[in-house]
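Trainee: Below is the file input-v4.txt, with compact mmCIF, C-alpha atoms.
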# COMPACT_ATOMS: atom_id res chain seq x y z
CA MET A 1 88.83 82.67 112.71
CA HIS A 2 87.72 84.27 109.48
CA LYS A 3 84.29 85.17 110.88
CA LEU A 4 85.90 87.10 113.69
CA GLU A 5 88.06 89.03 111.25
CA ILE A 6 85.09 89.96 109.10
CA ALA A 7 83.03 91.14 112.07
CA VAL A 8 85.76 93.52 113.12
CA GLY A 9 86.53 94.40 109.53
CA ARG A 10 83.07 95.83 108.99
CA ASP A 11 83.53 98.36 111.81
CA VAL A 12 86.96 99.27 110.51
CA PHE A 13 85.60 99.82 106.99
CA GLU A 14 82.71 101.98 108.27
CA LYS A 15 85.08 104.10 110.32
CA ASN A 16 87.40 104.44 107.34
CA LYS A 17 84.55 105.52 105.06
CA GLU A 18 83.61 108.31 107.46
CA GLU A 19 87.18 109.52 107.62
CA ALA A 20 87.47 109.30 103.83
CA LYS A 21 84.42 111.55 103.52
CA ARG A 22 86.02 114.03 105.90
CA ASN A 23 89.19 114.03 103.80
CA ALA A 24 87.12 114.57 100.64
CA HIS A 25 85.47 117.61 102.26
CA VAL A 26 88.81 119.10 103.32
CA LEU A 27 90.22 118.59 99.83
CA LYS A 28 87.14 120.07 98.15
CA ASP A 29 87.22 123.09 100.48
CA HIS A 30 90.72 123.80 99.20
CA ASN A 31 89.82 123.01 95.57
CA ILE A 32 92.42 120.22 95.49
CA THR A 33 92.03 117.29 93.09
CA ALA A 34 93.47 114.17 94.70
CA PHE A 35 94.52 110.83 93.25
CA ASP A 36 95.08 107.53 95.08
CA ILE A 37 97.79 105.72 93.13
CA LEU A 38 97.67 101.96 93.63
CA GLY A 39 99.74 99.08 92.35
CA SER A 40 102.39 96.56 93.20
CA ILE A 41 105.89 97.33 94.35
CA GLY A 42 107.98 98.46 91.37
CA SER A 43 105.03 98.95 89.03
CA GLY A 44 106.19 102.52 88.46
CA LYS A 45 103.98 104.60 90.77
CA THR A 46 106.78 106.88 91.96
CA SER A 47 108.28 107.14 88.47
CA ILE A 48 104.96 108.28 87.03
CA ILE A 49 104.73 110.99 89.70
CA GLU A 50 108.32 112.01 88.92
CA LYS A 51 107.43 112.44 85.25
CA ALA A 52 104.01 114.05 85.72
CA VAL A 53 104.98 116.72 88.26
CA PRO A 54 107.22 118.85 86.00
CA ILE A 55 104.67 118.70 83.15
CA LEU A 56 101.82 119.75 85.43
CA ALA A 57 104.00 122.42 87.06
CA GLU A 58 104.70 123.87 83.63
CA LYS A 59 100.94 124.27 83.21
CA GLY A 60 100.92 126.41 86.34
CA LEU A 61 99.55 123.74 88.68
CA LYS A 62 100.88 123.29 92.18
CA ILE A 63 101.39 119.69 93.21
CA GLY A 64 101.74 117.97 96.57
CA ALA A 65 102.37 114.33 97.37
CA ILE A 66 102.03 111.73 100.09
CA ALA A 67 104.45 108.80 99.96
CA GLY A 68 102.99 105.68 101.53
CA ASP A 69 105.26 102.76 102.37
CA VAL A 70 105.45 100.05 104.98
CA PHE A 71 108.93 101.19 105.91
CA GLY A 72 111.61 103.64 104.87
CA GLU A 73 111.96 106.88 102.95
CA ASP A 74 112.89 105.62 99.48
CA ASP A 75 109.88 107.08 97.64
CA TYR A 76 109.75 110.15 99.90
CA THR A 77 113.36 110.96 99.07
CA ARG A 78 112.67 110.65 95.34
CA MET A 79 109.68 112.98 95.59
CA LYS A 80 111.52 115.60 97.69
CA VAL A 81 113.86 116.07 94.74
CA LEU A 82 110.86 117.37 92.77
CA GLU A 83 110.76 120.35 95.15
CA ILE A 84 107.11 119.86 96.05
CA PRO A 85 105.58 119.47 99.51
CA VAL A 86 105.74 115.75 100.41
CA ILE A 87 104.66 113.84 103.49
CA ASN A 88 106.12 110.41 104.23
CA LEU A 89 103.62 107.92 105.71
CA ASN A 90 105.08 104.68 107.05
CA THR A 91 102.44 102.12 107.96
CA GLY A 92 104.77 99.91 110.03
CA THR A 93 103.07 96.57 109.43
CA GLU A 94 99.89 97.59 107.58
CA CYS A 95 99.80 96.81 103.86
CA HIS A 96 97.72 99.85 102.92
CA LEU A 97 97.15 103.49 103.73
CA ASP A 98 93.89 104.36 105.43
CA ALA A 99 91.86 107.57 105.54
CA HIS A 100 92.94 108.31 109.11
CA LEU A 101 96.63 108.29 108.22
CA VAL A 102 95.90 110.51 105.21
CA HIS A 103 93.93 112.87 107.44
CA HIS A 104 97.08 113.35 109.54
CA ALA A 105 99.10 114.07 106.41
CA LEU A 106 96.49 116.62 105.25
CA THR A 107 96.84 118.56 108.52
CA THR A 108 100.57 118.95 107.78
CA LEU A 109 100.50 119.77 104.06
CA PRO A 110 100.16 123.44 102.94
CA LEU A 111 96.69 122.80 101.45
CA GLU A 112 95.99 126.42 100.52
CA GLU A 113 98.96 126.27 98.11
CA LEU A 114 97.99 123.05 96.27
CA ASP A 115 95.96 122.23 93.14
CA ILE A 116 96.68 118.53 92.80
CA LEU A 117 97.63 115.89 95.39
CA PHE A 118 99.16 112.54 94.48
CA ILE A 119 98.85 109.92 97.19
CA GLU A 120 101.10 106.97 96.49
CA ASN A 121 99.66 104.00 98.35
CA VAL A 122 101.67 101.09 99.76
CA GLY A 123 102.84 98.73 97.01
CA ASN A 124 100.16 96.06 97.19
CA MET A 125 97.48 94.72 94.84
CA VAL A 126 95.03 93.55 97.50
CA CYS A 127 94.90 95.42 100.80
CA PRO A 128 94.38 99.05 99.68
CA THR A 129 91.24 98.12 97.73
CA ASP A 130 88.87 98.34 100.71
CA PHE A 131 90.28 101.57 102.13
CA GLU A 132 89.11 104.65 100.27
CA LEU A 133 91.13 107.72 101.15
CA GLY A 134 88.71 110.42 100.02
CA THR A 135 90.36 111.11 96.66
CA ASP A 136 88.67 112.13 93.40
CA ALA A 137 89.96 109.12 91.52
CA ARG A 138 91.98 105.97 91.95
CA ILE A 139 94.72 105.03 89.51
CA VAL A 140 96.00 101.46 89.42
CA VAL A 141 99.43 100.94 87.84
CA VAL A 142 100.56 97.52 86.68
CA SER A 143 103.66 96.73 84.68
CA VAL A 144 104.19 94.05 82.06
CA THR A 145 107.08 92.70 84.16
CA GLU A 146 104.52 91.53 86.73
CA GLY A 147 103.28 88.97 84.21
CA ASP A 148 100.37 89.42 81.84
CA ASP A 149 98.11 87.49 84.24
CA VAL A 150 98.38 90.21 86.89
CA VAL A 151 95.03 91.79 85.96
CA ASN A 152 93.10 88.52 86.03
CA LYS A 153 94.61 87.65 89.40
CA HIS A 154 93.49 90.88 91.10
CA PRO A 155 90.02 91.80 89.80
CA MET A 156 88.97 93.89 92.82
CA ILE A 157 91.63 96.57 92.49
CA PHE A 158 90.57 97.23 88.89
CA ARG A 159 86.88 97.35 89.78
CA VAL A 160 87.48 100.11 92.33
CA SER A 161 89.84 102.11 90.10
CA ASP A 162 89.07 104.79 87.52
CA ILE A 163 92.27 104.72 85.49
CA GLY A 164 94.33 101.63 84.68
CA VAL A 165 97.93 102.16 83.59
CA ILE A 166 99.81 99.34 81.87
CA ASN A 167 103.44 100.41 82.39
CA LYS A 168 106.86 99.29 81.08
CA ILE A 169 105.35 98.34 77.70
CA ASP A 170 108.86 98.70 76.23
CA LEU A 171 109.82 95.54 78.18
CA ALA A 172 106.87 93.40 77.02
CA GLY A 173 108.99 91.54 74.49
CA ALA A 174 111.86 90.97 76.92
CA VAL A 175 109.59 89.38 79.52
CA GLY A 176 107.24 87.66 77.06
CA ALA A 177 104.10 89.48 78.24
CA SER A 178 101.02 90.06 76.12
CA ILE A 179 99.80 93.65 76.52
CA GLN A 180 96.67 92.57 74.62
CA ARG A 181 95.80 90.00 77.29
CA MET A 182 96.15 92.64 80.01
CA GLU A 183 93.85 95.01 78.08
CA ASN A 184 91.31 92.24 77.43
CA ASP A 185 91.26 91.28 81.11
CA MET A 186 90.72 94.92 82.10
CA ASN A 187 87.88 95.26 79.58
CA ARG A 188 86.20 92.17 80.96
CA ILE A 189 86.76 92.84 84.69
CA ALA A 190 86.36 96.61 84.75
CA PRO A 191 84.72 97.90 81.55
CA HIS A 192 84.47 101.41 83.07
CA ILE A 193 88.23 101.82 83.53
CA ARG A 194 90.19 104.17 81.28
CA LYS A 195 93.25 102.30 80.06
CA ILE A 196 96.61 103.93 79.37
CA LYS A 197 99.53 102.02 77.87
CA MET A 198 102.71 103.63 79.10
CA SER A 199 106.46 103.46 79.27
CA VAL A 200 107.86 105.89 81.77
CA LYS A 201 111.25 105.19 80.22
CA THR A 202 110.37 106.06 76.61
CA GLY A 203 107.71 108.59 77.54
CA GLU A 204 104.98 106.77 75.61
CA GLY A 205 101.51 107.31 77.08
CA LEU A 206 102.58 110.16 79.33
CA THR A 207 100.53 112.73 77.38
CA ASP A 208 97.44 110.51 77.70
CA PHE A 209 98.07 110.23 81.43
CA ILE A 210 98.31 114.01 81.89
CA GLU A 211 95.11 114.46 79.88
CA GLU A 212 93.24 112.05 82.13
CA ILE A 213 94.54 113.82 85.25
CA LEU A 214 93.43 117.20 83.93
CA LYS A 215 89.90 115.88 83.25
CA TYR A 216 89.47 115.57 87.00
CA HIS A 217 90.89 118.98 87.86
CA ARG A 218 88.13 121.55 87.65
CA MET B 1 90.57 101.07 115.29
CA HIS B 2 94.13 99.77 115.17
CA LYS B 3 93.99 98.52 118.78
CA LEU B 4 90.96 96.42 117.97
CA GLU B 5 92.65 94.89 114.94
CA ILE B 6 95.73 93.98 116.96
CA ALA B 7 93.69 92.39 119.76
CA VAL B 8 91.93 90.12 117.30
CA GLY B 9 95.13 89.62 115.34
CA ARG B 10 96.84 87.98 118.29
CA ASP B 11 94.19 85.25 118.49
CA VAL B 12 94.34 84.71 114.75
CA PHE B 13 98.13 84.39 114.86
CA GLU B 14 98.01 81.93 117.80
CA LYS B 15 95.44 79.79 116.03
CA ASN B 16 97.51 79.89 112.84
CA LYS B 17 100.66 78.84 114.71
CA GLU B 18 98.87 75.77 116.11
CA GLU B 19 97.64 74.80 112.65
CA ALA B 20 101.11 75.39 111.19
CA LYS B 21 102.54 72.98 113.78
CA ARG B 22 99.94 70.40 112.80
CA ASN B 23 100.88 70.80 109.12
CA ALA B 24 104.56 70.41 110.01
CA HIS B 25 103.78 67.14 111.81
CA VAL B 26 101.78 65.79 108.87
CA LEU B 27 104.58 66.71 106.47
CA LYS B 28 107.26 65.18 108.70
CA ASP B 29 105.23 61.97 109.10
CA HIS B 30 105.34 61.63 105.31
CA ASN B 31 108.99 62.69 105.08
CA ILE B 32 108.05 65.63 102.85
CA THR B 33 110.24 68.73 102.73
CA ALA B 34 108.06 71.79 102.17
CA PHE B 35 108.87 75.30 101.04
CA ASP B 36 106.77 78.44 101.40
CA ILE B 37 107.61 80.62 98.39
CA LEU B 38 106.94 84.31 99.02
CA GLY B 39 107.29 87.42 96.92
CA SER B 40 105.48 90.02 94.92
CA ILE B 41 103.28 89.39 91.91
CA GLY B 42 105.49 88.67 88.90
CA SER B 43 108.69 88.21 90.89
CA GLY B 44 109.09 84.78 89.28
CA LYS B 45 107.76 82.36 91.91
CA THR B 46 105.87 80.16 89.43
CA SER B 47 108.68 80.33 86.87
CA ILE B 48 111.20 79.10 89.44
CA ILE B 49 108.93 76.15 90.25
CA GLU B 50 108.56 75.45 86.52
CA LYS B 51 112.35 75.32 86.15
CA ALA B 52 113.11 73.45 89.39
CA VAL B 53 110.56 70.62 89.05
CA PRO B 54 112.10 68.84 86.00
CA ILE B 55 115.62 69.09 87.51
CA LEU B 56 114.45 67.64 90.83
CA ALA B 57 112.39 64.98 89.04
CA GLU B 58 115.49 63.90 87.15
CA LYS B 59 117.14 63.30 90.54
CA GLY B 60 114.31 60.88 91.35
CA LEU B 61 112.38 63.24 93.64
CA LYS B 62 108.60 63.45 93.54
CA ILE B 63 107.24 66.97 93.71
CA GLY B 64 103.85 68.39 94.63
CA ALA B 65 102.66 71.99 94.61
CA ILE B 66 100.05 74.31 96.05
CA ALA B 67 99.20 77.39 93.98
CA GLY B 68 97.99 80.26 96.16
CA ASP B 69 96.27 83.22 94.56
CA VAL B 70 93.57 85.69 95.46
CA PHE B 71 91.63 84.69 92.37
CA GLY B 72 91.89 82.54 89.28
CA GLU B 73 93.79 79.51 88.05
CA ASP B 74 96.69 81.13 86.18
CA ASP B 75 99.51 79.67 88.29
CA TYR B 76 97.61 76.41 88.85
CA THR B 77 97.27 75.91 85.10
CA ARG B 78 101.00 76.54 84.59
CA MET B 79 101.88 73.98 87.28
CA LYS B 80 99.47 71.33 85.97
CA VAL B 81 101.52 71.27 82.77
CA LEU B 82 104.43 69.97 84.86
CA GLU B 83 102.41 66.78 85.43
CA ILE B 84 102.72 66.93 89.21
CA PRO B 85 99.92 66.92 91.79
CA VAL B 86 98.80 70.54 92.28
CA ILE B 87 96.11 72.07 94.45
CA ASN B 88 94.73 75.52 93.63
CA LEU B 89 94.00 77.68 96.68
CA ASN B 90 92.05 80.88 96.04
CA THR B 91 91.88 83.17 99.06
CA GLY B 92 89.04 85.34 97.72
CA THR B 93 89.94 88.59 99.44
CA GLU B 94 92.76 87.53 101.76
CA CYS B 95 96.25 88.65 100.74
CA HIS B 96 98.02 85.57 102.12
CA LEU B 97 97.67 81.83 102.58
CA ASP B 98 97.19 80.57 106.12
CA ALA B 99 97.94 77.26 107.78
CA HIS B 100 94.29 76.27 107.83
CA LEU B 101 93.91 76.61 104.05
CA VAL B 102 97.13 74.64 103.57
CA HIS B 103 95.81 71.94 105.93
CA HIS B 104 92.85 71.49 103.58
CA ALA B 105 95.18 71.19 100.60
CA LEU B 106 97.28 68.60 102.47
CA THR B 107 94.22 66.39 102.99
CA THR B 108 93.72 66.34 99.21
CA LEU B 109 97.32 65.85 98.00
CA PRO B 110 98.71 62.28 97.63
CA LEU B 111 101.20 62.82 100.49
CA GLU B 112 102.55 59.26 100.51
CA GLU B 113 103.84 59.83 96.96
CA LEU B 114 105.69 63.12 97.57
CA ASP B 115 109.23 64.08 98.59
CA ILE B 116 109.09 67.84 98.14
CA LEU B 117 106.18 70.29 98.32
CA PHE B 118 106.32 73.81 96.90
CA ILE B 119 103.70 76.15 98.30
CA GLU B 120 103.45 79.30 96.22
CA ASN B 121 101.96 81.98 98.45
CA VAL B 122 99.80 84.88 97.27
CA GLY B 123 101.87 87.55 95.50
CA ASN B 124 102.40 89.99 98.34
CA MET B 125 105.39 91.37 100.24
CA VAL B 126 103.60 92.13 103.51
CA CYS B 127 100.65 89.95 104.51
CA PRO B 128 102.11 86.42 104.31
CA THR B 129 104.91 87.32 106.74
CA ASP B 130 102.89 86.67 109.90
CA PHE B 131 101.30 83.43 108.72
CA GLU B 132 103.64 80.45 108.96
CA LEU B 133 102.34 77.46 107.04
CA GLY B 134 104.37 74.70 108.71
CA THR B 135 107.04 74.43 106.01
CA ASP B 136 110.73 73.59 106.48
CA ALA B 137 111.88 76.85 104.95
CA ARG B 138 110.62 80.08 103.47
CA ILE B 139 111.98 81.43 100.21
CA VAL B 140 111.43 85.08 99.29
CA VAL B 141 111.76 85.96 95.60
CA VAL B 142 112.28 89.55 94.48
CA SER B 143 113.10 90.71 90.99
CA VAL B 144 115.23 93.65 89.91
CA THR B 145 112.21 95.00 87.97
CA GLU B 146 110.54 95.75 91.32
CA GLY B 147 113.16 98.45 91.91
CA ASP B 148 116.37 98.02 93.87
CA ASP B 149 114.71 99.58 96.94
CA VAL B 150 112.30 96.65 97.30
CA VAL B 151 114.36 94.94 100.02
CA ASN B 152 114.73 98.05 102.15
CA LYS B 153 110.98 98.70 101.88
CA HIS B 154 109.97 95.26 103.18
CA PRO B 155 112.37 94.25 105.95
CA MET B 156 110.01 91.81 107.73
CA ILE B 157 109.64 89.36 104.85
CA PHE B 158 113.41 88.98 104.63
CA ARG B 159 113.79 88.52 108.39
CA VAL B 160 111.36 85.58 108.39
CA SER B 161 112.81 83.94 105.26
CA ASP B 162 115.67 81.46 104.93
CA ILE B 163 116.55 81.92 101.27
CA GLY B 164 116.45 85.21 99.35
CA VAL B 165 116.34 85.03 95.56
CA ILE B 166 117.17 88.12 93.48
CA ASN B 167 115.57 87.24 90.14
CA LYS B 168 115.62 88.71 86.61
CA ILE B 169 119.24 89.85 87.03
CA ASP B 170 119.51 89.89 83.21
CA LEU B 171 117.15 92.92 83.22
CA ALA B 172 119.07 94.93 85.84
CA GLY B 173 120.64 97.15 83.18
CA ALA B 174 117.37 97.71 81.31
CA VAL B 175 115.55 98.88 84.45
CA GLY B 176 118.55 100.64 86.02
CA ALA B 177 118.57 98.54 89.19
CA SER B 178 121.61 97.95 91.39
CA ILE B 179 121.85 94.27 92.34
CA GLN B 180 124.59 95.30 94.76
CA ARG B 181 122.19 97.55 96.67
CA MET B 182 119.68 94.69 96.97
CA GLU B 183 122.38 92.36 98.31
CA ASN B 184 123.65 95.01 100.73
CA ASP B 185 120.15 95.62 102.05
CA MET B 186 119.60 91.88 102.56
CA ASN B 187 122.94 91.58 104.40
CA ARG B 188 121.98 94.43 106.70
CA ILE B 189 118.33 93.46 107.30
CA ALA B 190 118.65 89.67 107.34
CA PRO B 191 122.29 88.58 107.76
CA HIS B 192 121.16 84.92 108.16
CA ILE B 193 119.53 84.73 104.70
CA ARG B 194 121.16 82.71 101.92
CA LYS B 195 121.21 84.90 98.83
CA ILE B 196 120.86 83.57 95.29
CA LYS B 197 121.21 85.79 92.23
CA MET B 198 119.11 84.30 89.48
CA SER B 199 117.72 84.71 86.01
CA VAL B 200 115.05 82.15 85.27
CA LYS B 201 115.38 83.23 81.64
CA THR B 202 119.14 82.63 81.22
CA GLY B 203 119.28 79.84 83.80
CA GLU B 204 121.85 81.64 85.93
CA GLY B 205 121.64 80.75 89.61
CA LEU B 206 119.34 77.76 89.08
CA THR B 207 122.02 75.26 90.15
CA ASP B 208 122.58 77.23 93.36
CA PHE B 209 118.85 77.21 93.98
CA ILE B 210 118.56 73.43 93.55
CA GLU B 211 121.53 72.94 95.88
CA GLU B 212 119.85 75.02 98.59
CA ILE B 213 116.60 73.05 98.19
CA LEU B 214 118.43 69.74 98.51
CA LYS B 215 120.15 70.86 101.74
CA TYR B 216 116.71 70.81 103.37
CA HIS B 217 115.67 67.45 101.98
CA ARG B 218 116.93 64.74 104.31
Take the structure in this file and express it as structure tokens.
Mentor:
Amino acid sequence: MHKLEIAVGRDVFEKNKEEAKRNAHVLKDHNITAFDILGSIGSGKTSIIEKAVPILAEKGLKIGAIAGDVFGEDDYTRMKVLEIPVINLNTGTECHLDAHLVHHALTTLPLEELDILFIENVGNMVCPTDFELGTDARIVVVSVTEGDDVVNKHPMIFRVSDIGVINKIDLAGAVGASIQRMENDMNRIAPHIRKIKMSVKTGEGLTDFIEEILKYHR
Amino acid sequence: MHKLEIAVGRDVFEKNKEEAKRNAHVLKDHNITAFDILGSIGSGKTSIIEKAVPILAEKGLKIGAIAGDVFGEDDYTRMKVLEIPVINLNTGTECHLDAHLVHHALTTLPLEELDILFIENVGNMVCPTDFELGTDARIVVVSVTEGDDVVNKHPMIFRVSDIGVINKIDLAGAVGASIQRMENDMNRIAPHIRKIKMSVKTGEGLTDFIEEILKYHR
């Protein structure tokens, strides 16, 4: 059973890589810096976008977004309020976005008007790992409410990511989570990752986050 | 690409269903009531097991557990402390347990000594849905910290579950989540599901949970 899955999987991954490259070319042609935002349901992916967009807009940057979810328009609706171009991508039963779906979204977005594109992936710590979308960087967001063992349990998603956000640090005491353990696990599993401790609620870490984003935007 | 995945998927699902039936027979032969516990990372699956085991043990019931995770022994280690038989199942890259993996665990557990088996699935709101394990019931655990749109975003997992736990209700105010919205979404999406509002921390809802568990144990 598993062998069969892997054999097919390889073709799927190859196809996805090609489409990711195509997306990267399209984005580069339009001088758009794109971010694939990964993380579990409720880790704060949408909230971070909600906070970052006005700050980046104030710096004169034009932002677009893609809201990926298995079902529904919850995140899409929240992003529309930001008055930026947003595409809703429902995967139906798939637990991740893929480059082909993103390609479709890119054909609909007003690319010539954008500087930065946030792609919020489906809330999932496993599936999106293998499916590059053609972005400049991948950001994985975990929150202390997921338990301080969340990093150790999902090494792959940190290895493929460039920025690791530890969110909801204001709740660490309330849920008995050790931020230090999460940082240590990240250091061990993905020494290359740039770590940001954040609370979207209190605003802590938001400046660091914006700085990291701007490093990628030429 | 997607067509190919679905074609293979059907075979995988059929094979899994057969193995799930075999597991169900093995469990029934030993008069074991088994629960497949689903939900996102950090929703509280392990914590609920930690709280439920001593209460059930006090009622004279013998409990066993299977700890499913992509990687690591974090949950396994927590369950070992309960001094019950526990098997650790690491899926490697798969985002769900399957009946075949559980079959292997069943051949290792001391089945003749058990009354109740808790199988903690991989923390994921999508993948485990299609893979029945052969249990008597499925319990989906969501926490208010995942956002009150978590139910609406993942209808399938609620449709296939028998019990729906809304956990961490003590944090609803702190994270600005509406428990009412979560309940309403469950009622709409899965009217059959038995809802339990819980806080593992304060103990609220634990008695209701134990009662539901005991309804399944003959």
Trainee: Might you pull out every residue within 10 Å of Arg22 (chain A), with all atoms listed in the file counted and same-chain residues fewer than 6 positions away left off, and present them as a list in words?
Mentor: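 Close residues of Arg22 (chain A): Asn16, Lys28, Ala99, His100, His103, Leu133 and Gly134 of chain A.
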Trainee: Might you pull out every residue within 9 Å of Thr46 (chain A), with only C-alpha atoms counted and same-chain residues fewer than 4 positions away left off, and present them as an mmCIF file with C-alpha atoms, in the frame of the given file?
Mentor:
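That gives us around_4.cif:
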data_model
loop_
_atom_site.group_PDB
_atom_site.id
_atom_site.type_symbol
_atom_site.label_atom_id
_atom_site.label_comp_id
_atom_site.auth_asym_id
_atom_site.auth_seq_id
_atom_site.Cartn_x
_atom_site.Cartn_y
_atom_site.Cartn_z
ATOM 1 C CA GLY A 42 107.980 98.460 91.370
ATOM 2 C CA GLU A 50 108.320 112.010 88.920
ATOM 3 C CA LYS A 51 107.430 112.440 85.250
ATOM 4 C CA ALA A 67 104.450 108.800 99.960
ATOM 5 C CA ASP A 75 109.880 107.080 97.640
ATOM 6 C CA ARG A 78 112.670 110.650 95.340
ATOM 7 C CA MET A 79 109.680 112.980 95.590
ATOM 8 C CA GLU A 120 101.100 106.970 96.490
#
Trainee: Determine, counting all atoms listed in the file, which protein, DNA and RNA residues have an atom within 9 Å of an atom of Ile166 (chain A); residues of the same chain fewer than 3 positions away are not included. Present the result as a VMD selection string.
Mentor: chain A and resid 43 140 to 144 169 179 182 to 183 195 to 199
Trainee: Selected residues, C-alpha atoms, written as a short mmCIF file (atom, residue, chain, number, x, y, z; two decimals), in the coordinates of the input, please.
Mentor:
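New file part_2.cif:
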data_model
loop_
_atom_site.label_atom_id
_atom_site.label_comp_id
_atom_site.auth_asym_id
_atom_site.auth_seq_id
_atom_site.Cartn_x
_atom_site.Cartn_y
_atom_site.Cartn_z
CA SER A 43 105.03 98.95 89.03
CA VAL A 140 96.00 101.46 89.42
CA VAL A 141 99.43 100.94 87.84
CA VAL A 142 100.56 97.52 86.68
CA SER A 143 103.66 96.73 84.68
CA VAL A 144 104.19 94.05 82.06
CA ILE A 169 105.35 98.34 77.70
CA ILE A 179 99.80 93.65 76.52
CA MET A 182 96.15 92.64 80.01
CA GLU A 183 93.85 95.01 78.08
CA LYS A 195 93.25 102.30 80.06
CA ILE A 196 96.61 103.93 79.37
CA LYS A 197 99.53 102.02 77.87
CA MET A 198 102.71 103.63 79.10
CA SER A 199 106.46 103.46 79.27
#
Trainee: Select, from A:Thr93, A:Asn187, A:Asn152, A:Asn124, the residue with the minimum atom-to-atom distance to Gly39 (chain B), counting all atoms listed in the file.
Mentor: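 Distance minimum relative to Gly39 (chain B) lands on A:Asn124.
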Trainee: If we count only C-alpha atoms, which residues of chain B reach to within 8 Å of chain A? Please list them as a ChimeraX atom specification.
Mentor: /B:1,4-5,8,12,15,40-43,69-72,74,93-95,124-127,145-147,149-150,152-155
Trainee: Measuring atom to atom with only C-alpha atoms, identify which of B:Gly64, B:Lys45, B:Gly205, B:Leu101 is nearest to Glu83 (chain B).
Mentor: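 Of the candidates, the smallest distance to Glu83 (chain B) is held by B:Gly64.
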Trainee: Can you measure CA of Leu56 (chain B) to CA of His25 (chain B) for me? One decimal in Å is fine.
Mentor: 23.5 Å
Trainee: Centre and edge lengths, as AutoDock Vina command-line options, for the axis-aligned box enclosing every listed atom of region 31-48 of chain B with 3 Å of padding on each of the six sides, in Å to one decimal?
Mentor:
--center_x 107.2 --center_y 76.4 --center_z 96.0 --size_x 13.9 --size_y 33.3 --size_z 24.2
Trainee: How many Å separate CA of Ile116 (chain B) from CA of Val200 (chain B)?
Mentor: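 Taking CA of Ile116 (chain B) and CA of Val200 (chain B), their separation equals 20.1 Å.
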Trainee: Provide the CA of Arg188 (chain B) to CA of Thr77 (chain A) distance in Å, to one decimal place.
Mentor: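 Separation of CA of Arg188 (chain B) and CA of Thr77 (chain A): 20.1 Å.
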Trainee: Using all atoms listed in the file, can you tell me which of B:Leu111, B:Ile63, B:Val53, B:Ile84 comes closest to Leu27 (chain B)?
Mentor: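 Checking each of B:Leu111, B:Ile63, B:Val53, B:Ile84 against Leu27 (chain B), counting all atoms listed in the file, the winner is B:Leu111.
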